[in-house]
Amino acid sequence: MTTPSQLDRWIEEERVIRARMDAGAGPGVATRAQIEGKTGLQVMQGLLAGELPYASIAKTLNFVLVDVSEGQAIFQGAPGLDHMNPLGTVHGGWFATLLDSALGCAVHTMMPPGRGYTTADLSVKLVKALTPKVQRVRAIGQVVHCGRQLATAEARLVGPDGTLYAHASTACLVFEMPGKTAA
């Protein structure tokens with residue numbers, strides 16, 4: 001009997017998570033009432049549990065949040081023919097969007113209730129071409145620093161065999177959400 005490969009495990013994990021998220025809130029935008037009083041980590045956990053809607057762009061670009069913890073977010077994506085550039089490799093924008101999602105959501109996990117963030121800077125380095133022959137990749141985002149006004153994070157885009165396809169960094173502005181008073 002053979003054991004499942006890392007790719008097989010990733011695909012099965014993705015199947016379970018997608019089914020849960022689509023059976024729950026599905027794609028969309030959370031209302032203020034849905035997120036009020038929750039930390040960023042609680043919001044991200046709610047999204048992963050299917051209790052809160054996930055971003056529609058994930059469906060469009062075929063990626064999904066697969067894990068979240070304090071200071072970390074992991075997204076998994078399946079590059080397809082719809083994501084290719086005219087030269088036959090996956091478009092850099094696909095890499096950037098997947099990495100930006102992991103970076104931003106990692107920062108999101110560090111937000112207390114009533115605090116938000118926005119990307120101020122995104123730097124992406126593509127180090128290896130990606131084609132649809134690579135069935136899945138994971139963007140693993142980790143917070144480096146999270147202060148009252150600025151947060152930074154780094155991410156790596158890897159295949160199931162550990163191959164590095166890209167890495168990225170971000171700086172995010174952190175702020176009080178509109179309509180909230182400072183804690």
# chains A, B, ... in the order shown; residues from 1 in each chain; ligands from 1
$ residues_around --residues "range 110-125 of chain A" --least-positions-apart "3" --cutoff "10 Å" --atoms "only C-alpha atoms" --output "CSV table (one decimal) with C-alpha atoms, in the first residue's frame"
chain,number,residue,atom,x,y,z
A,35,ILE,CA,-17.3,41.2,12.2
A,36,GLU,CA,-18.0,43.7,14.9
A,37,GLY,CA,-16.1,42.9,18.1
A,38,LYS,CA,-14.0,40.2,16.5
A,39,THR,CA,-10.2,40.2,16.3
A,40,GLY,CA,-8.7,39.7,12.8
A,41,LEU,CA,-7.8,36.1,13.7
A,42,GLN,CA,-11.4,35.4,14.7
A,43,VAL,CA,-12.6,36.9,11.4
A,69,SER,CA,-3.1,31.1,12.9
A,70,GLU,CA,-1.8,34.2,14.7
A,71,GLY,CA,0.6,35.9,12.4
A,72,GLN,CA,0.3,33.4,9.5
A,92,GLY,CA,2.9,37.4,-12.7
A,93,GLY,CA,-0.4,39.0,-11.6
A,95,PHE,CA,1.6,35.1,-8.4
A,96,ALA,CA,1.2,38.6,-6.9
A,97,THR,CA,-2.5,38.2,-6.0
A,99,LEU,CA,1.1,36.2,-2.4
A,100,ASP,CA,-0.7,39.5,-1.5
A,103,LEU,CA,0.6,38.6,3.3
A,104,GLY,CA,-2.5,40.7,4.0
A,105,CYS,CA,-4.4,37.9,5.7
A,106,ALA,CA,-1.4,37.2,7.9
A,107,VAL,CA,-1.4,40.8,9.0
A,128,LYS,CA,10.9,30.1,-11.3
A,143,VAL,CA,4.0,38.6,9.9
A,145,HIS,CA,6.3,43.1,12.6
A,146,CYS,CA,2.9,44.5,13.7
A,147,GLY,CA,2.8,47.9,15.3
A,148,ARG,CA,0.1,50.4,15.9
A,149,GLN,CA,0.6,52.2,12.6
A,150,LEU,CA,2.6,49.8,10.4
A,151,ALA,CA,2.8,46.0,9.8
A,152,THR,CA,5.3,44.1,7.6
A,153,ALA,CA,5.1,40.5,6.4
A,154,GLU,CA,6.9,38.1,4.1
A,155,ALA,CA,5.6,35.2,2.0
A,156,ARG,CA,6.9,32.3,-0.1
A,165,TYR,CA,8.5,29.8,-7.3
A,166,ALA,CA,8.3,33.3,-5.8
A,167,HIS,CA,8.7,35.3,-2.6
A,168,ALA,CA,7.2,38.6,-1.5
A,169,SER,CA,7.1,41.2,1.2
A,170,THR,CA,4.6,43.9,2.2
A,171,ALA,CA,4.2,46.9,4.4
A,172,CYS,CA,0.7,47.7,5.5
A,173,LEU,CA,-0.7,50.8,7.1
A,174,VAL,CA,-2.7,50.0,10.3
A,175,PHE,CA,-5.6,52.2,11.3
A,176,GLU,CA,-8.7,52.5,13.3
A,177,MET,CA,-11.7,51.4,11.3
A,178,PRO,CA,-14.1,54.2,10.3
A,179,GLY,CA,-16.9,54.7,12.9
A,180,LYS,CA,-14.9,53.2,15.7
A,181,THR,CA,-13.3,55.0,18.7
A,182,ALA,CA,-9.7,54.3,19.7
A,183,ALA,CA,-9.3,51.7,22.4
$ select_by_dssp --residues "chain A" --states "strand (DSSP E or B)" --output "JSON, numbers by chain"
{"A": [27, 54, 63, 64, 65, 66, 67, 68, 69, 72, 73, 74, 75, 76, 77, 84, 90, 115, 116, 117, 118, 119, 120, 121, 122, 123, 124, 125, 126, 137, 138, 139, 140, 141, 142, 143, 144, 145, 146, 150, 151, 152, 153, 154, 155, 156, 157, 158, 164, 165, 166, 167, 168, 169, 170, 171, 172, 173, 174, 175, 176]}
$ closest_atom_pairs --of "range 48-132 of chain A" --to "range 9-33 of chain A" --cutoff "12 Å" --atoms "only C-alpha atoms" --output "CSV"
residue,atom,partner,partner_atom,distance
A:Leu48,CA,A:Met21,CA,6.6
A:Ala49,CA,A:Met21,CA,6.5
A:Gly50,CA,A:Met21,CA,4.0
A:Glu51,CA,A:Ala25,CA,5.7
A:Leu52,CA,A:Ala25,CA,5.4
A:Pro53,CA,A:Ala25,CA,4.8
A:Tyr54,CA,A:Pro27,CA,4.8
A:Ala55,CA,A:Pro27,CA,5.6
A:Ser56,CA,A:Pro27,CA,4.9
A:Ile57,CA,A:Pro27,CA,8.6
A:Ala58,CA,A:Pro27,CA,8.4
A:Lys59,CA,A:Pro27,CA,7.7
A:Thr60,CA,A:Pro27,CA,10.3
A:Asn62,CA,A:Arg18,CA,10.6
A:Phe63,CA,A:Glu14,CA,9.2
A:Val64,CA,A:Arg18,CA,7.3
A:Leu65,CA,A:Ile17,CA,8.1
A:Val66,CA,A:Glu14,CA,6.7
A:Asp67,CA,A:Ile17,CA,9.5
A:Ile74,CA,A:Glu14,CA,11.5
A:Phe75,CA,A:Glu14,CA,9.7
A:Gln76,CA,A:Glu14,CA,7.6
A:Gly77,CA,A:Glu14,CA,9.2
A:Ala78,CA,A:Ile11,CA,9.6
A:Pro113,CA,A:Arg32,CA,11.5
A:Gly114,CA,A:Arg32,CA,10.2
$ atom_distance --atom1 "CA of Leu130 in chain A" --atom2 "CA of Val68 in chain A"
24.8 Å
$ atom_distance --atom1 "CA of Ala102 in chain A" --atom2 "CA of Pro86 in chain A"
26.3 Å
$ atom_distance --atom1 "CA of Leu87 in chain A" --atom2 "CA of Gly159 in chain A"
21.1 Å
$ select_by_dssp --residues "range 12-106 of chain A" --states "helix (DSSP H, G or I)" --output "MDAnalysis selection string"
chainID A and resid 12:23 32:35 40:48 56:60 81:83 92:106
$ decode --residues "range 27-132 of chain A" --atoms "C-alpha atoms" --output "compact mmCIF listing (two decimals), in the first residue's frame"
# COMPACT_ATOMS: atom_id res chain seq x y z
CA PRO A 27 -18.13 34.28 -1.74
CA GLY A 28 -18.98 37.85 -0.83
CA VAL A 29 -18.28 40.65 1.63
CA ALA A 30 -18.84 40.44 5.38
CA THR A 31 -21.15 43.00 6.93
CA ARG A 32 -20.08 45.22 9.81
CA ALA A 33 -22.43 43.30 12.09
CA GLN A 34 -20.74 40.00 11.17
CA ILE A 35 -17.26 41.22 12.15
CA GLU A 36 -18.00 43.72 14.92
CA GLY A 37 -16.12 42.94 18.13
CA LYS A 38 -14.03 40.22 16.50
CA THR A 39 -10.25 40.16 16.27
CA GLY A 40 -8.70 39.73 12.84
CA LEU A 41 -7.80 36.14 13.75
CA GLN A 42 -11.42 35.43 14.69
CA VAL A 43 -12.57 36.90 11.37
CA MET A 44 -10.09 34.76 9.41
CA GLN A 45 -11.07 31.64 11.39
CA GLY A 46 -14.74 32.42 10.66
CA LEU A 47 -13.97 32.68 6.97
CA LEU A 48 -12.13 29.34 7.00
CA ALA A 49 -15.02 27.72 8.91
CA GLY A 50 -17.52 28.95 6.29
CA GLU A 51 -19.23 31.25 8.79
CA LEU A 52 -18.13 34.43 6.99
CA PRO A 53 -17.95 35.07 3.25
CA TYR A 54 -14.63 34.72 1.45
CA ALA A 55 -13.32 37.10 -1.23
CA SER A 56 -14.80 36.42 -4.68
CA ILE A 57 -11.39 36.88 -6.32
CA ALA A 58 -10.37 33.54 -4.79
CA LYS A 59 -12.99 31.83 -6.94
CA THR A 60 -12.00 33.84 -10.03
CA LEU A 61 -8.29 33.01 -9.68
CA ASN A 62 -8.79 29.48 -8.28
CA PHE A 63 -7.17 29.76 -4.86
CA VAL A 64 -8.39 29.19 -1.32
CA LEU A 65 -7.38 29.87 2.27
CA VAL A 66 -6.24 26.55 3.76
CA ASP A 67 -4.86 27.52 7.16
CA VAL A 68 -4.67 30.51 9.47
CA SER A 69 -3.09 31.14 12.85
CA GLU A 70 -1.77 34.16 14.72
CA GLY A 71 0.65 35.93 12.36
CA GLN A 72 0.28 33.41 9.54
CA ALA A 73 -2.03 32.71 6.60
CA ILE A 74 -1.67 29.98 3.99
CA PHE A 75 -3.42 30.02 0.63
CA GLN A 76 -3.38 27.26 -1.94
CA GLY A 77 -3.86 27.83 -5.64
CA ALA A 78 -4.21 25.83 -8.81
CA PRO A 79 -2.83 27.72 -11.81
CA GLY A 80 -4.81 27.05 -14.96
CA LEU A 81 -4.90 27.95 -18.61
CA ASP A 82 -6.98 31.04 -17.76
CA HIS A 83 -4.01 32.38 -15.77
CA MET A 84 -1.39 32.09 -18.51
CA ASN A 85 0.43 34.90 -20.26
CA PRO A 86 1.04 34.81 -24.05
CA LEU A 87 4.43 33.14 -23.50
CA GLY A 88 2.87 30.01 -21.96
CA THR A 89 3.62 30.53 -18.28
CA VAL A 90 1.43 31.73 -15.43
CA HIS A 91 0.98 35.51 -15.42
CA GLY A 92 2.88 37.41 -12.75
CA GLY A 93 -0.37 38.99 -11.58
CA TRP A 94 -1.60 35.57 -10.47
CA PHE A 95 1.56 35.09 -8.38
CA ALA A 96 1.19 38.60 -6.94
CA THR A 97 -2.49 38.20 -6.03
CA LEU A 98 -1.95 34.87 -4.30
CA LEU A 99 1.06 36.21 -2.36
CA ASP A 100 -0.71 39.50 -1.52
CA SER A 101 -3.63 37.51 -0.11
CA ALA A 102 -1.33 35.46 2.16
CA LEU A 103 0.56 38.58 3.26
CA GLY A 104 -2.53 40.68 3.96
CA CYS A 105 -4.42 37.92 5.73
CA ALA A 106 -1.38 37.16 7.91
CA VAL A 107 -1.42 40.84 8.96
CA HIS A 108 -5.20 40.63 9.41
CA THR A 109 -4.72 37.91 12.06
CA MET A 110 -2.86 40.43 14.22
CA MET A 111 -5.61 43.09 14.24
CA PRO A 112 -7.54 43.70 17.47
CA PRO A 113 -11.28 44.45 17.17
CA GLY A 114 -11.91 47.75 15.41
CA ARG A 115 -8.50 47.92 13.69
CA GLY A 116 -7.90 47.51 9.97
CA TYR A 117 -5.06 47.66 7.49
CA THR A 118 -4.34 48.34 3.86
CA THR A 119 -1.39 47.41 1.67
CA ALA A 120 1.03 50.32 1.27
CA ASP A 121 3.79 48.42 -0.51
CA LEU A 122 4.04 45.03 -2.23
CA SER A 123 7.26 43.58 -3.60
CA VAL A 124 7.13 40.28 -5.50
CA LYS A 125 10.11 38.34 -6.82
CA LEU A 126 9.36 35.51 -9.26
CA VAL A 127 12.24 33.04 -9.16
CA LYS A 128 10.89 30.14 -11.25
CA ALA A 129 8.31 29.96 -14.03
CA LEU A 130 5.03 28.30 -13.20
CA THR A 131 2.86 26.36 -15.65
CA PRO A 132 -0.40 24.46 -15.13
